[in-house]
$ cat target_19.cif   # mmCIF, C-alpha atoms
data_query
loop_
_atom_site.label_atom_id
_atom_site.label_comp_id
_atom_site.auth_asym_id
_atom_site.auth_seq_id
_atom_site.Cartn_x
_atom_site.Cartn_y
_atom_site.Cartn_z
CA MET A 17 -71.09 -17.50 -137.37
CA GLU A 18 -73.60 -18.24 -140.14
CA LEU A 19 -72.76 -21.81 -141.07
CA THR A 20 -74.92 -24.92 -140.88
CA LEU A 21 -72.67 -27.93 -140.53
CA SER A 22 -73.07 -31.03 -142.67
CA GLN A 23 -72.34 -34.47 -141.18
CA TRP A 24 -68.88 -34.52 -142.75
CA GLN A 25 -68.06 -31.05 -141.48
CA LYS A 26 -69.31 -31.92 -138.02
CA LYS A 27 -67.26 -35.10 -137.95
CA VAL A 28 -64.07 -33.22 -138.92
CA LEU A 29 -64.53 -30.53 -136.28
CA GLU A 30 -65.43 -33.07 -133.57
CA SER A 31 -62.33 -35.10 -134.35
CA LEU A 32 -60.08 -32.03 -134.19
CA LEU A 33 -61.72 -30.76 -131.00
CA ASN A 34 -61.29 -34.14 -129.35
CA GLN A 35 -57.57 -34.12 -130.20
CA TYR A 36 -57.22 -30.59 -128.85
CA GLU A 37 -59.01 -31.23 -125.54
CA ASN A 38 -56.90 -34.34 -124.90
CA SER A 39 -53.65 -32.53 -125.59
CA LYS A 40 -51.02 -30.85 -123.42
CA THR A 41 -51.75 -27.67 -125.34
CA TYR A 42 -55.27 -27.59 -123.89
CA ARG A 43 -53.86 -28.15 -120.38
CA GLU A 44 -51.16 -25.54 -121.09
CA LYS A 45 -48.44 -28.08 -120.34
CA ASN A 46 -46.91 -28.34 -123.80
CA LYS A 47 -43.25 -27.55 -124.39
CA VAL A 48 -43.55 -27.50 -128.18
CA THR A 49 -46.16 -26.06 -130.52
CA GLN A 50 -48.74 -28.68 -131.39
CA THR A 51 -50.91 -28.88 -134.48
CA PHE A 52 -54.12 -30.86 -134.78
CA SER A 53 -55.14 -32.51 -138.01
CA VAL A 54 -57.12 -35.36 -139.49
CA SER A 55 -56.75 -37.16 -142.80
CA PRO A 56 -59.65 -36.83 -145.25
CA ALA A 57 -59.98 -40.63 -145.40
CA LYS A 58 -60.74 -40.78 -141.68
CA VAL A 59 -63.86 -38.71 -142.31
CA PHE A 60 -64.71 -40.00 -145.78
CA PRO A 61 -63.14 -43.51 -146.08
CA ASP A 62 -63.62 -43.70 -149.86
CA TYR A 63 -61.74 -40.45 -150.48
CA ASP A 64 -58.50 -42.24 -151.43
CA SER A 65 -60.26 -45.06 -153.27
CA ASP A 66 -59.96 -45.42 -157.04
CA PHE A 67 -63.58 -46.60 -157.03
CA ALA A 68 -65.07 -43.66 -155.13
CA ASP A 69 -68.13 -41.92 -156.57
CA ILE A 70 -66.68 -38.78 -158.16
CA ASP A 71 -69.75 -36.74 -157.22
CA PHE A 72 -69.30 -37.67 -153.55
CA VAL A 73 -65.61 -36.76 -153.72
CA HIS A 74 -66.39 -33.32 -155.21
CA ASP A 75 -69.12 -32.78 -152.60
CA PHE A 76 -66.74 -33.70 -149.78
CA GLU A 77 -64.00 -31.43 -151.10
CA GLY A 78 -66.50 -28.58 -151.45
CA GLN A 79 -67.62 -28.94 -147.86
CA MET A 80 -64.03 -28.98 -146.58
CA LYS A 81 -63.27 -25.90 -148.69
CA GLU A 82 -66.25 -24.18 -147.08
CA LEU A 83 -64.67 -24.77 -143.65
CA GLU A 84 -61.38 -23.45 -144.99
CA GLN A 85 -63.04 -20.29 -146.32
CA SER A 86 -64.69 -19.81 -142.92
CA GLY A 87 -61.23 -19.82 -141.36
CA LEU A 88 -61.83 -22.96 -139.30
CA LEU A 89 -59.52 -25.25 -141.29
CA VAL A 90 -56.26 -25.13 -143.12
CA ILE A 91 -56.20 -27.68 -145.93
CA ILE A 92 -52.80 -29.16 -146.75
CA ARG A 93 -52.78 -30.33 -150.35
CA LYS A 94 -50.36 -32.62 -152.13
CA ASN A 95 -50.36 -32.83 -155.93
CA GLY A 96 -53.67 -30.97 -155.90
CA VAL A 97 -55.35 -33.48 -153.59
CA MET A 98 -56.30 -32.86 -149.97
CA ALA A 99 -53.75 -34.64 -147.75
CA LYS A 100 -54.51 -33.17 -144.32
CA LEU A 101 -57.27 -31.14 -142.65
CA MET A 102 -55.64 -28.95 -140.00
CA ALA A 103 -57.37 -26.95 -137.26
CA ASN A 104 -56.95 -23.18 -137.04
CA PRO A 105 -55.65 -22.75 -133.46
CA TRP A 106 -57.20 -19.29 -133.17
CA ARG A 107 -60.76 -20.37 -133.88
CA TRP A 108 -61.54 -22.95 -131.16
CA GLY A 109 -64.20 -20.66 -129.72
CA ASP A 110 -66.10 -20.71 -133.01
CA VAL A 111 -65.77 -24.51 -133.20
CA TYR A 112 -67.36 -24.89 -129.75
CA LYS A 113 -70.18 -22.57 -130.77
CA LEU A 114 -70.87 -24.33 -134.07
CA LEU A 115 -70.90 -27.77 -132.43
CA GLY A 116 -73.01 -26.54 -129.53
CA GLU A 117 -70.42 -27.92 -127.12
CA LYS A 118 -69.23 -26.64 -123.77
CA GLU A 119 -65.53 -26.41 -123.10
CA ARG A 120 -64.09 -29.48 -121.45
CA ARG A 121 -62.96 -27.41 -118.45
CA GLN A 122 -66.50 -26.16 -117.95
CA LYS A 123 -67.89 -29.70 -118.16
CA GLU A 124 -65.25 -30.91 -115.70
CA GLN A 125 -66.15 -28.13 -113.26
CA GLU A 126 -69.84 -29.01 -113.52
CA GLN A 127 -69.09 -32.69 -112.93
CA ALA A 128 -66.86 -31.91 -109.95
CA LYS A 129 -69.65 -29.80 -108.48
CA LEU A 130 -72.01 -32.78 -108.84
CA TYR A 131 -69.68 -35.02 -106.82
CA GLU A 132 -69.15 -32.28 -104.22
CA GLU A 133 -72.92 -32.20 -103.60
CA PHE A 134 -72.77 -35.81 -102.39
CA LEU A 135 -69.87 -35.46 -99.95
CA ALA A 136 -70.28 -35.98 -96.19
CA ILE A 137 -73.23 -38.37 -96.54
CA ASP A 138 -71.59 -41.79 -96.36
CA PRO A 139 -67.89 -42.73 -95.88
CA GLY A 140 -67.85 -45.05 -98.89
CA MET A 141 -69.58 -42.52 -101.12
CA ASP A 142 -67.19 -39.87 -99.81
CA ALA A 143 -64.19 -41.92 -100.94
CA PHE A 144 -65.77 -42.57 -104.34
CA CYS A 145 -66.68 -38.90 -104.93
CA ARG A 146 -63.27 -37.62 -103.86
CA GLY A 147 -61.66 -40.11 -106.23
CA GLN A 148 -63.77 -38.86 -109.14
CA ILE A 149 -63.02 -35.21 -108.27
CA ALA A 150 -59.31 -36.05 -108.25
CA ARG A 151 -59.62 -37.62 -111.70
CA LEU A 152 -61.33 -34.50 -113.02
CA ASN A 153 -58.65 -32.25 -111.52
CA GLU A 154 -56.03 -34.35 -113.29
CA GLY A 155 -57.85 -34.02 -116.61
CA THR A 156 -59.01 -37.67 -116.60
CA LYS A 157 -62.60 -38.58 -117.31
CA PRO A 158 -64.65 -39.93 -114.39
CA ILE A 159 -65.74 -43.57 -114.45
CA PHE A 160 -69.34 -42.71 -115.33
CA ALA A 161 -70.97 -40.24 -117.70
CA PRO A 162 -72.62 -37.32 -115.84
CA ASP A 163 -76.23 -38.49 -116.18
CA LYS A 164 -75.43 -42.02 -115.03
CA ALA A 165 -73.26 -40.72 -112.19
CA LYS A 166 -76.07 -38.47 -110.93
CA LYS A 167 -78.54 -41.37 -110.81
CA LEU A 168 -76.02 -43.64 -109.07
CA LEU A 169 -75.23 -41.00 -106.46
CA LYS A 170 -78.93 -40.36 -105.78
CA LEU A 171 -79.46 -44.09 -105.30
CA TRP A 172 -76.41 -44.35 -103.02
CA LYS A 173 -77.65 -41.40 -100.95
CA PHE A 174 -81.07 -43.01 -100.60
CA LEU A 175 -79.51 -46.24 -99.32
CA ALA A 176 -77.17 -44.45 -96.93
CA GLU A 177 -80.04 -42.53 -95.34
CA ASN A 178 -82.68 -45.28 -95.43
CA GLN A 179 -83.74 -46.69 -92.05
CA GLU A 180 -86.82 -48.74 -92.93
CA GLU A 181 -87.57 -51.68 -95.17
CA VAL A 182 -88.09 -50.73 -98.80
CA LEU A 183 -88.64 -53.00 -101.77
CA GLU A 184 -86.43 -52.73 -104.84
CA ARG A 185 -89.21 -51.57 -107.14
CA GLU A 186 -90.27 -48.93 -104.59
CA LEU A 187 -86.67 -47.72 -104.48
CA SER A 188 -86.57 -47.61 -108.28
CA ILE A 189 -89.73 -45.51 -108.51
CA ALA A 190 -88.74 -43.21 -105.63
CA VAL A 191 -85.32 -42.32 -107.07
CA LEU A 192 -85.49 -43.08 -110.78
CA GLY A 193 -89.19 -42.63 -111.52
CA ASP A 194 -89.33 -46.08 -113.12
CA SER A 195 -90.12 -49.37 -111.38
CA LYS A 196 -87.71 -51.46 -113.49
CA MET A 197 -84.76 -49.14 -114.21
CA TRP A 198 -83.00 -50.02 -110.94
CA GLU A 199 -82.99 -53.73 -111.74
CA ARG A 200 -82.10 -53.33 -115.41
CA ARG A 201 -79.39 -50.69 -115.25
CA PHE A 202 -78.22 -49.76 -111.77
CA ARG A 203 -78.51 -52.55 -109.19
CA SER A 204 -75.39 -54.49 -110.15
CA MET A 205 -73.46 -51.29 -110.87
CA LEU A 206 -74.17 -49.76 -107.46
CA CYS A 207 -73.62 -53.03 -105.60
CA ARG A 208 -70.12 -53.22 -107.14
CA LEU A 209 -69.40 -49.71 -105.83
CA LEU A 210 -70.84 -50.50 -102.40
CA ARG A 211 -68.66 -53.60 -102.18
CA LYS A 212 -65.56 -51.73 -103.34
CA TYR A 213 -65.91 -48.73 -101.04
CA ASN A 214 -67.35 -50.43 -97.94
CA ASP A 215 -66.25 -53.38 -95.83
CA PHE A 216 -68.63 -56.19 -96.72
CA GLU A 217 -66.08 -58.95 -97.12
CA ALA A 218 -66.88 -60.58 -93.77
CA ILE A 219 -70.56 -61.03 -94.61
CA LEU A 220 -69.78 -62.04 -98.20
CA LEU A 221 -67.10 -64.61 -97.40
CA GLY A 222 -67.83 -67.70 -99.45
CA VAL A 223 -70.69 -66.10 -101.41
CA ASP A 224 -69.86 -66.61 -105.08
CA ASP A 225 -73.27 -66.10 -106.63
CA LYS A 226 -73.57 -62.51 -107.88
CA ARG A 227 -77.29 -62.15 -107.17
CA GLU A 228 -76.95 -63.65 -103.69
CA ALA A 229 -74.12 -61.21 -102.92
CA GLU A 230 -76.26 -58.29 -104.11
CA LYS A 231 -79.11 -59.40 -101.87
CA ILE A 232 -76.82 -59.57 -98.84
CA ILE A 233 -75.35 -56.11 -99.52
CA LEU A 234 -78.75 -54.52 -100.07
CA ARG A 235 -80.17 -56.10 -96.92
CA GLU A 236 -77.62 -54.07 -94.98
CA TYR A 237 -79.50 -51.01 -96.27
CA HIS A 238 -82.97 -52.50 -95.53
CA VAL A 239 -83.63 -53.09 -99.23
CA ALA A 240 -85.26 -56.33 -100.39
CA ALA A 241 -86.57 -57.70 -103.67
CA ASN A 242 -89.71 -58.83 -101.85
CA PRO A 243 -91.03 -58.22 -98.32
CA SER A 244 -88.77 -59.76 -95.65
CA PHE A 245 -90.31 -62.24 -93.24
CA ALA A 246 -88.89 -64.24 -90.37
CA TYR A 247 -90.51 -67.69 -90.50
CA ILE A 248 -90.52 -69.37 -87.09
CA LYS A 249 -92.20 -72.32 -85.36
CA GLY A 250 -91.92 -74.22 -82.09
CA GLU A 251 -92.67 -73.69 -78.41
CA ALA A 252 -92.08 -70.02 -77.58
CA GLU A 253 -93.60 -66.77 -76.35
CA ILE A 254 -92.95 -63.38 -77.93
CA PHE A 255 -93.49 -60.18 -75.95
CA PHE A 256 -94.14 -56.84 -77.69
CA SER A 257 -93.46 -53.29 -76.55
CA ASP A 258 -97.20 -52.47 -76.51
CA GLY A 259 -97.82 -55.18 -73.90
CA GLN A 260 -99.14 -57.84 -76.25
CA ARG A 261 -97.91 -61.43 -75.99
CA LEU A 262 -97.91 -64.10 -78.70
CA ARG A 263 -97.72 -67.83 -77.92
CA ILE A 264 -96.25 -70.00 -80.70
CA VAL A 265 -96.80 -73.75 -80.99
CA PRO A 266 -94.95 -76.29 -83.18
CA ASP A 267 -97.74 -77.10 -85.62
CA MET A 268 -98.59 -73.45 -86.34
CA PRO A 269 -95.62 -71.74 -88.11
CA ILE A 270 -95.83 -67.95 -88.32
CA ALA A 271 -94.09 -65.24 -90.36
CA LEU A 272 -93.16 -61.89 -88.82
CA THR A 273 -92.35 -58.82 -90.88
CA GLU A 274 -89.33 -56.64 -90.19
CA LYS A 275 -91.59 -53.89 -88.87
CA THR A 276 -93.27 -56.32 -86.46
CA LEU A 277 -89.89 -57.52 -85.21
CA GLU A 278 -88.91 -53.96 -84.35
CA SER A 279 -91.55 -53.95 -81.61
CA VAL A 280 -90.40 -57.26 -80.06
CA CYS A 281 -89.01 -56.63 -76.59
CA ALA A 282 -88.46 -60.22 -75.41
CA VAL A 283 -88.52 -63.79 -76.73
CA LYS A 284 -88.87 -66.77 -74.37
CA ILE A 285 -87.98 -70.13 -75.92
CA LEU A 286 -89.77 -72.98 -74.14
CA VAL A 287 -87.50 -75.78 -75.41
CA LYS A 288 -83.78 -76.36 -75.01
CA LYS A 289 -82.61 -76.05 -78.62
CA VAL A 290 -82.91 -73.58 -81.52
CA MET A 291 -82.35 -74.77 -85.08
CA THR A 292 -81.79 -72.41 -88.00
CA VAL A 293 -82.73 -74.04 -91.31
CA GLU A 294 -81.24 -73.07 -94.66
CA ASN A 295 -84.12 -73.94 -97.01
CA LEU A 296 -87.89 -73.40 -96.72
CA THR A 297 -88.89 -76.93 -97.75
CA SER A 298 -86.84 -78.42 -94.92
CA PHE A 299 -88.14 -75.78 -92.48
CA HIS A 300 -91.70 -76.96 -93.15
CA ARG A 301 -90.72 -80.65 -92.93
CA MET A 302 -88.82 -80.48 -89.64
CA ALA A 303 -91.12 -81.33 -86.73
CA GLN A 304 -89.00 -82.47 -83.78
CA LYS A 305 -90.60 -81.12 -80.61
CA GLU A 306 -87.28 -80.43 -78.87
CA TYR A 307 -86.37 -77.67 -81.33
CA PHE A 308 -87.51 -74.12 -81.98
CA TYR A 309 -87.02 -73.45 -85.72
CA LEU A 310 -86.11 -70.37 -87.71
CA PHE A 311 -85.89 -70.31 -91.53
CA LEU A 312 -82.80 -68.52 -92.87
CA SER A 313 -83.17 -68.55 -96.69
CA GLY A 314 -79.48 -69.14 -97.31
CA TYR A 315 -77.20 -66.50 -95.83
CA HIS A 316 -78.94 -64.62 -93.03
CA ASN A 317 -79.84 -60.94 -93.32
CA HIS A 318 -79.68 -58.07 -90.85
CA MET A 319 -83.26 -58.61 -89.68
CA LYS A 320 -82.69 -62.29 -88.85
CA GLN A 321 -79.34 -61.50 -87.26
CA ARG A 322 -81.05 -59.13 -84.82
CA LEU A 323 -83.70 -61.74 -84.01
CA LEU A 324 -81.09 -64.44 -83.40
CA CYS A 325 -79.09 -62.13 -81.14
CA LYS A 326 -82.28 -61.19 -79.26
CA ILE A 327 -83.20 -64.84 -78.69
CA ASN A 328 -79.66 -65.61 -77.54
CA ALA A 329 -79.63 -62.70 -75.08
CA ASP A 330 -83.04 -63.65 -73.65
CA ASN A 331 -82.26 -67.39 -73.46
CA PRO A 332 -78.61 -67.81 -72.43
CA GLU A 333 -78.92 -71.57 -71.78
CA ILE A 334 -80.22 -72.40 -75.27
CA GLN A 335 -78.23 -74.78 -77.50
CA TRP A 336 -77.82 -73.47 -81.06
CA CYS A 337 -77.87 -75.75 -84.12
CA HIS A 338 -77.92 -75.27 -87.86
CA PHE A 339 -79.31 -77.59 -90.52
CA GLY A 340 -78.39 -76.89 -94.13
CA ASP A 341 -77.19 -78.47 -97.34
CA ILE A 342 -74.37 -80.94 -96.85
CA ASP A 343 -72.03 -79.11 -99.16
CA PRO A 344 -69.26 -76.55 -98.59
CA ASP A 345 -71.70 -73.64 -98.96
CA GLY A 346 -73.83 -75.09 -96.17
CA PHE A 347 -70.83 -74.92 -93.84
CA TYR A 348 -69.90 -71.44 -95.06
CA ILE A 349 -73.40 -70.40 -94.00
CA ILE A 350 -72.65 -71.71 -90.49
CA GLU A 351 -69.44 -69.65 -90.42
CA HIS A 352 -71.41 -66.65 -91.67
CA LEU A 353 -73.89 -67.14 -88.82
CA ILE A 354 -71.15 -67.39 -86.21
CA ARG A 355 -69.39 -64.24 -87.47
CA GLY A 356 -72.61 -62.25 -87.71
CA THR A 357 -74.10 -63.18 -84.35
CA GLY A 358 -71.25 -64.33 -82.11
CA ILE A 359 -73.29 -67.49 -81.42
CA GLU A 360 -71.56 -70.88 -81.57
CA PHE A 361 -73.76 -72.82 -83.98
CA GLN A 362 -73.28 -76.56 -84.33
CA PRO A 363 -74.23 -78.42 -87.53
CA VAL A 364 -76.90 -81.13 -87.28
CA TYR A 365 -77.71 -83.78 -89.89
CA MET A 366 -74.77 -82.47 -91.89
CA ASP A 367 -72.12 -85.11 -91.23
CA ALA A 368 -70.40 -87.78 -93.29
CA ALA A 369 -72.88 -90.35 -91.96
CA CYS A 370 -75.73 -88.50 -93.71
CA LEU A 371 -73.77 -88.42 -96.95
CA LYS A 372 -73.25 -92.18 -96.69
CA LYS A 373 -76.86 -92.87 -95.70
CA TYR A 374 -78.31 -90.93 -98.65
CA ASP A 375 -75.52 -91.72 -101.07
CA SER A 376 -77.90 -92.45 -103.96
CA TYR A 377 -79.15 -88.81 -103.82
CA THR A 378 -75.72 -87.16 -103.79
CA LYS A 379 -74.23 -85.04 -106.57
CA PRO A 380 -70.58 -84.41 -107.57
CA LEU A 381 -68.74 -81.31 -106.37
CA ASN A 382 -68.06 -78.42 -108.72
CA LYS A 383 -64.86 -76.32 -108.79
CA ASN A 384 -66.17 -73.80 -106.27
CA ASP A 385 -67.20 -76.62 -103.95
CA VAL A 386 -63.71 -78.08 -104.08
CA ARG A 387 -62.08 -74.70 -103.45
CA LYS A 388 -64.33 -73.96 -100.47
CA ALA A 389 -63.94 -77.44 -98.98
CA GLU A 390 -60.15 -77.18 -99.24
CA SER A 391 -60.26 -73.72 -97.65
CA LEU A 392 -62.29 -75.01 -94.68
CA LEU A 393 -59.86 -77.92 -94.27
CA GLU A 394 -56.89 -75.52 -94.28
CA GLN A 395 -58.62 -73.63 -91.45
CA GLY A 396 -59.06 -76.88 -89.53
CA LYS A 397 -62.86 -76.70 -89.73
CA TYR A 398 -65.22 -79.66 -90.19
CA PRO A 399 -62.35 -81.99 -91.18
CA GLU A 400 -64.31 -85.27 -91.20
CA VAL A 401 -67.17 -84.22 -93.47
CA MET A 402 -64.98 -81.99 -95.71
CA GLY A 403 -62.48 -84.82 -96.11
CA TYR A 404 -65.27 -87.23 -97.02
CA MET A 405 -66.75 -84.81 -99.55
CA LEU A 406 -63.42 -84.32 -101.28
CA ASP A 407 -62.46 -87.99 -101.13
CA LYS A 408 -65.78 -89.27 -102.49
CA ASN A 409 -66.62 -86.19 -104.63
CA LYS A 410 -70.13 -86.02 -103.14
CA LYS A 411 -72.50 -83.41 -101.75
CA LEU A 412 -76.17 -83.53 -100.75
CA GLU A 413 -79.08 -81.10 -100.60
CA GLN A 414 -80.81 -81.02 -97.22
CA GLU A 415 -84.37 -81.49 -98.54
CA ILE A 416 -83.88 -85.24 -98.99
CA VAL A 417 -82.73 -85.57 -95.37
CA SER A 418 -85.68 -83.67 -93.92
CA TRP A 419 -88.11 -85.55 -96.18
CA MET A 420 -86.80 -88.96 -95.14
CA MET A 421 -86.84 -87.96 -91.47
CA GLY A 422 -90.48 -86.90 -91.81
CA ARG A 423 -91.49 -90.29 -93.26
CA LYS A 424 -90.38 -92.27 -90.23
#
$ encode --input "target_19.cif" --output "structure tokens"
Amino acid sequence: MELTLSQWQKKVLESLLNQYENSKTYREKNKVTQTFSVSPAKVFPDYDSDFADIDFVHDFEGQMKELEQSGLLVIIRKNGVMAKLMANPWRWGDVYKLLGEKERRQKEQEQAKLYEEFLAIDPGMDAFCRGQIARLNEGTKPIFAPDKAKKLLKLWKFLAENQEEVLERELSIAVLGDSKMWERRFRSMLCRLLRKYNDFEAILLGVDDKREAEKIILREYHVAANPSFAYIKGEAEIFFSDGQRLRIVPDMPIALTEKTLESVCAVKILVKKVMTVENLTSFHRMAQKEYFYLFLSGYHNHMKQRLLCKINADNPEIQWCHFGDIDPDGFYIIEHLIRGTGIEFQPVYMDAACLKKYDSYTKPLNKNDVRKAESLLEQGKYPEVMGYMLDKNKKLEQEIVSWMMGRK
């Protein structure tokens, strides 16, 4: 068809086509004959105005008449004025061609094929893809536009198949060809899907911060914002699969990468206690000889979980302690440790006595603190310190405790 569409003409045809594709007629489920029309004012808002530019009105009417003469429209007039622009039901094929659009059914088939390509890779992705295919079969649009869906699925596939540590910007370049696109557009989106379609609630219990939750989820797929290290110090010996042995002493902290930890075959702790420490400042300050220390950085990740379990298996008589912030989150971290490792951690320097001793450094609880403290009390956990926190409306960051201990 020899017709170059103007913006007004294009807008009219797009509006009519949209009505048609969302109708029962298109799905062949209609029981009555449907017509599809649009008012002139929807396309040209000033058409019904007494103050409209007469030249624009004549131009608009001429363009609509051109569509009528081409057989694409039927114009319903009232008192000589256009009242309704109605689609010709026999010319949808020409409308698609003029607009350069594919039929909705064809687009739905292509989208369904995209989701089918990502089946049988990961159970969570399987459930997501099957849900989107079902939506398409029902004539409902998928959650994401095709281009965005394709990128998300490629990222999900990469995570599902990844078995070695990769940094977020490396992931972004590898899959998206851009070092920052993952962070700007897809990280939060994919983490929401991962959380919805996989069982992460146990490891995310008590984690309210969005970015912290994303870090925990991505660590399960060996993805980190920066290289992951296990910071440790104390009296111990580490044995590696290649026969090498490393002796650690208290005044020489070391950091081991995830790749290095994979070659660890045994860990011998030469003291009676292991202390996990929530924050790096306190990890560096703590210097009691009777402890072997491991820095957690908040909620532990998969790498540190494996190391903790390895130490526990190799040293069954060791006593396990945790030192963190004296706030509800600090105790949620202990519960997170216990669930993740099966080790019975005991809090140290996290009691009501510490809150009293360093009262001048305390801060008031926020709403999340109160909710978490009440939840722990309902579970019968840490009743003395939780009761004190709620009664006095006080919490304390661990850095002041470790600093004061180091000054003695």
$ resolve_selection --input "target_19.cif" --expression "the PyMOL selection byres ((chain A and resi 128) around 10)" --output "list in words"
Gln122, Lys123, Glu124, Gln125, Glu126, Gln127, Lys129, Leu130, Tyr131, Glu132, Glu133, Cys145, Arg146, Gln148, Ile149, Ala150, Arg151, Leu152, Asn153, Pro158 and Pro162 of chain A
$ residues_around --input "target_19.cif" --residues "Leu393 (chain A)" --least-positions-apart "6" --cutoff "9 Å" --atoms "all atoms listed in the file" --output "PyMOL selection string"
chain A and resi 399+402-403
$ closest_residue --input "target_19.cif" --among "A:Thr156, A:Gln414, A:Gln335, A:Gln50" --to "Arg301 (chain A)" --atoms "all atoms listed in the file"
A:Gln414
$ atom_distance --input "target_19.cif" --atom1 "CA of Ser55 (chain A)" --atom2 "CA of Ala68 (chain A)"
16.2 Å
$ closest_residue --input "target_19.cif" --among "A:Phe160, A:Tyr36, A:Tyr237, A:Tyr63" --to "Lys173 (chain A)" --atoms "only C-alpha atoms"
A:Tyr237
$ resolve_selection --input "target_19.cif" --expression "the PyMOL selection byres ((chain A and resi 386) around 12)" --output "mmCIF file with C-alpha atoms, keeping the file's coordinate frame"
data_model
loop_
_atom_site.group_PDB
_atom_site.id
_atom_site.type_symbol
_atom_site.label_atom_id
_atom_site.label_comp_id
_atom_site.auth_asym_id
_atom_site.auth_seq_id
_atom_site.Cartn_x
_atom_site.Cartn_y
_atom_site.Cartn_z
ATOM 1 C CA ASP A 343 -72.030 -79.110 -99.160
ATOM 2 C CA PRO A 344 -69.260 -76.550 -98.590
ATOM 3 C CA ASP A 345 -71.700 -73.640 -98.960
ATOM 4 C CA PRO A 380 -70.580 -84.410 -107.570
ATOM 5 C CA LEU A 381 -68.740 -81.310 -106.370
ATOM 6 C CA ASN A 382 -68.060 -78.420 -108.720
ATOM 7 C CA LYS A 383 -64.860 -76.320 -108.790
ATOM 8 C CA ASN A 384 -66.170 -73.800 -106.270
ATOM 9 C CA ASP A 385 -67.200 -76.620 -103.950
ATOM 10 C CA ARG A 387 -62.080 -74.700 -103.450
ATOM 11 C CA LYS A 388 -64.330 -73.960 -100.470
ATOM 12 C CA ALA A 389 -63.940 -77.440 -98.980
ATOM 13 C CA GLU A 390 -60.150 -77.180 -99.240
ATOM 14 C CA SER A 391 -60.260 -73.720 -97.650
ATOM 15 C CA LEU A 392 -62.290 -75.010 -94.680
ATOM 16 C CA LEU A 393 -59.860 -77.920 -94.270
ATOM 17 C CA MET A 402 -64.980 -81.990 -95.710
ATOM 18 C CA GLY A 403 -62.480 -84.820 -96.110
ATOM 19 C CA TYR A 404 -65.270 -87.230 -97.020
ATOM 20 C CA MET A 405 -66.750 -84.810 -99.550
ATOM 21 C CA LEU A 406 -63.420 -84.320 -101.280
ATOM 22 C CA ASP A 407 -62.460 -87.990 -101.130
ATOM 23 C CA LYS A 408 -65.780 -89.270 -102.490
ATOM 24 C CA ASN A 409 -66.620 -86.190 -104.630
ATOM 25 C CA LYS A 410 -70.130 -86.020 -103.140
ATOM 26 C CA LYS A 411 -72.500 -83.410 -101.750
#
$ closest_residue --input "target_19.cif" --among "A:Arg120, A:Lys113, A:Ile91, A:Lys100" --to "Arg43 (chain A)" --atoms "all atoms listed in the file"
A:Arg120
$ residues_around --input "target_19.cif" --residues "Val90 (chain A)" --least-positions-apart "2" --cutoff "8 Å" --atoms "all atoms listed in the file" --output "mmCIF file with C-alpha atoms, keeping the file's coordinate frame"
data_model
loop_
_atom_site.group_PDB
_atom_site.id
_atom_site.type_symbol
_atom_site.label_atom_id
_atom_site.label_comp_id
_atom_site.auth_asym_id
_atom_site.auth_seq_id
_atom_site.Cartn_x
_atom_site.Cartn_y
_atom_site.Cartn_z
ATOM 1 C CA GLU A 84 -61.380 -23.450 -144.990
ATOM 2 C CA GLY A 87 -61.230 -19.820 -141.360
ATOM 3 C CA LEU A 88 -61.830 -22.960 -139.300
ATOM 4 C CA ILE A 92 -52.800 -29.160 -146.750
ATOM 5 C CA LEU A 101 -57.270 -31.140 -142.650
ATOM 6 C CA MET A 102 -55.640 -28.950 -140.000
ATOM 7 C CA ALA A 103 -57.370 -26.950 -137.260
ATOM 8 C CA ASN A 104 -56.950 -23.180 -137.040
#
$ resolve_selection --input "target_19.cif" --expression "the PyMOL selection byres ((chain A and resi 355-357) around 8)" --output "number ranges by chain"
A: 218-219, 321, 324-325, 351-354, 358-359
